[in-house]
Amino acid sequence: MGEVKLAVLGGKGTGKSALTVRFLTKRFIGEYASNFESVYNKHLCLEGKPLNLEIYDPCSQPQKAKCSLTSELHWADGFLIVYDISNRPSFAFAQALIYRIREPPTTHCKRVVEPAVVLVGNKQDLCHMREVGWEEGQKLAIDFRCQFCELSAAEQSLEVEVMFLRLIKDILMIFKHKEKRRPSGSKSMAKLINNVFGKRRKSV
Ligand SMILES: Nc1nc2c(ncn2[C@@H]2O[C@H](COP(=O)(O)OP(=O)(O)O)[C@@H](O)[C@H]2O)c(=O)[nH]1
Ligand SMILES: [Mg+2]
């Protein structure tokens, strides 16, 4: 069975838990789990294939200027970076998280392909109190090779589901790409044997 691991990151109160719980239960539950670190597990069937999904929803900590994210970068296949469109500091924090995720990999943590990232401007229902423009979110996402959407965990169940599924599909595409770039051991060994002996055999 395929396995996909997602980490939902962002500032305190941006709606990380609301989005996660909305996706898992289709319901909006206000302050749900905001003070707990949770890893949720869900079985999905995507394009006819079974999939085990793990979603990491961290407990909200004060926004640190410099975040390490080392364990999350090792663990997750993809990230949902959440900010609140009515809260500018939460956008600055989302930006810092994206910088960190897109930093060139260090030698001890080499990644074959970049992780998939969706930047989410949440609380779109509060657009009368907007502090972050749609274009700003869109630009940040384009500059750092992320998907982007604005939505409301409180009011838009379908949009939340579509956004999660889009991220999962992107991750599955990346898995396929990785497989192509690194053929399995037996296949690459067969190729090597063919390269060494195949030509000789022809010349005999
Ligand atoms: N108006 C509005 N409030 C939201 C939305 N999403 C979450 N909230 C509220 O924002 C607060 C923080 O949400 P929570 O999911 O606990 O944030 P977290 O700290 O990032 O996990 C709660 O009071 C939620 O009810 C949204 O889309 N619109
Ligand atoms: Mg929370």
# chains A, B, ... in the order shown; residues from 1 in each chain; ligands from 1
$ residues_near_ligand --ligand "ligand 1" --cutoff "6 Å" --atoms "only C-alpha atoms and all ligand atoms" --output "PyMOL selection string"
chain A and resi 12-18+30-32+34+60+122-123+125-126+152-154
$ residues_around --residues "A:Ala94" --least-positions-apart "3" --cutoff "10 Å" --atoms "only C-alpha atoms" --output "list in words"
Leu9, Gly10, Gly11, Gln63, Leu80, Ile81, Val82, Tyr83, Asp84, Arg88, Pro89, Ser90, Phe91, Leu97, Ile98, Tyr99, Arg100, Leu119, Val120, Gly121, Gly137 and Leu140 of chain A
$ closest_residue --among "A:Leu165, A:Ala76, A:Ile85, A:Cys146" --to "A:Lys5" --atoms "only C-alpha atoms"
A:Ala76
$ closest_residue --among "A:Phe28, A:Phe36, A:Phe93, A:Tyr56" --to "ligand 2" --atoms "only C-alpha atoms and all ligand atoms"
A:Phe36
$ closest_residue --among "A:Gln124, A:His177, A:Val4, A:Trp75" --to "A:Lys42" --atoms "only C-alpha atoms"
A:Val4
$ atom_distance --atom1 "atom CA of A:Glu37" --atom2 "atom CA of A:His74"
17.5 Å
$ residues_around --residues "A:Asp170" --least-positions-apart "4" --cutoff "10 Å" --atoms "only C-alpha atoms" --output "PyMOL selection string"
chain A and resi 77-78+115-118+147+164-166+174-176
$ write_last_selection --atoms "C-alpha atoms" --output "JSON list (two decimals), in the first residue's frame"
[["chain", "number", "residue", "atom", "x", "y", "z"],
["A", 77, "ASP", "CA", 6.66, 14.01, 1.79],
["A", 78, "GLY", "CA", 4.75, 17.25, 1.48],
["A", 115, "PRO", "CA", 8.95, 18.11, -1.38],
["A", 116, "ALA", "CA", 5.53, 19.25, -2.61],
["A", 117, "VAL", "CA", 4.21, 22.37, -0.89],
["A", 118, "VAL", "CA", 0.83, 24.09, -0.88],
["A", 147, "GLN", "CA", 0.78, 25.56, -5.17],
["A", 164, "PHE", "CA", -5.55, 18.21, 0.30],
["A", 165, "LEU", "CA", -6.13, 15.84, -2.62],
["A", 166, "ARG", "CA", -4.16, 18.13, -4.96],
["A", 174, "ILE", "CA", 7.01, 13.07, -7.20],
["A", 175, "PHE", "CA", 7.20, 9.42, -6.06],
["A", 176, "LYS", "CA", 6.80, 8.29, -9.69]]
$ closest_residue --among "A:Cys127, A:Val160, A:Val21, A:Cys149" --to "ligand 2" --atoms "only C-alpha atoms and all ligand atoms"
A:Val21
$ residues_around --residues "A:Ile55" --least-positions-apart "4" --cutoff "6 Å" --atoms "only C-alpha atoms" --output "MDAnalysis selection string"
chainID A and resid 6:7 39:40
$ write_last_selection --atoms "N, CA and C atoms" --output "mmCIF file, in the first residue's frame"
data_model
loop_
_atom_site.group_PDB
_atom_site.id
_atom_site.type_symbol
_atom_site.label_atom_id
_atom_site.label_comp_id
_atom_site.auth_asym_id
_atom_site.auth_seq_id
_atom_site.Cartn_x
_atom_site.Cartn_y
_atom_site.Cartn_z
ATOM 1 N N LEU A 6 2.058 13.953 5.364
ATOM 2 C CA LEU A 6 1.890 15.401 5.210
ATOM 3 C C LEU A 6 2.129 16.108 6.528
ATOM 4 N N ALA A 7 2.791 17.248 6.495
ATOM 5 C CA ALA A 7 2.916 18.070 7.700
ATOM 6 C C ALA A 7 2.183 19.389 7.461
ATOM 7 N N VAL A 39 -0.826 13.110 15.193
ATOM 8 C CA VAL A 39 -0.583 12.518 13.878
ATOM 9 C C VAL A 39 -1.820 11.692 13.553
ATOM 10 N N TYR A 40 -2.541 12.121 12.535
ATOM 11 C CA TYR A 40 -3.761 11.429 12.128
ATOM 12 C C TYR A 40 -3.433 10.426 11.035
#
$ select_by_dssp --residues "stretch 10-109 of chain A" --states "helix (DSSP H, G or I)" --output "PyMOL selection string"
chain A and resi 16-25+70-75+88-102
$ closest_residue --among "A:Ile29, A:Ala96, A:Cys59, A:Val8" --to "ligand 2" --atoms "only C-alpha atoms and all ligand atoms"
A:Cys59
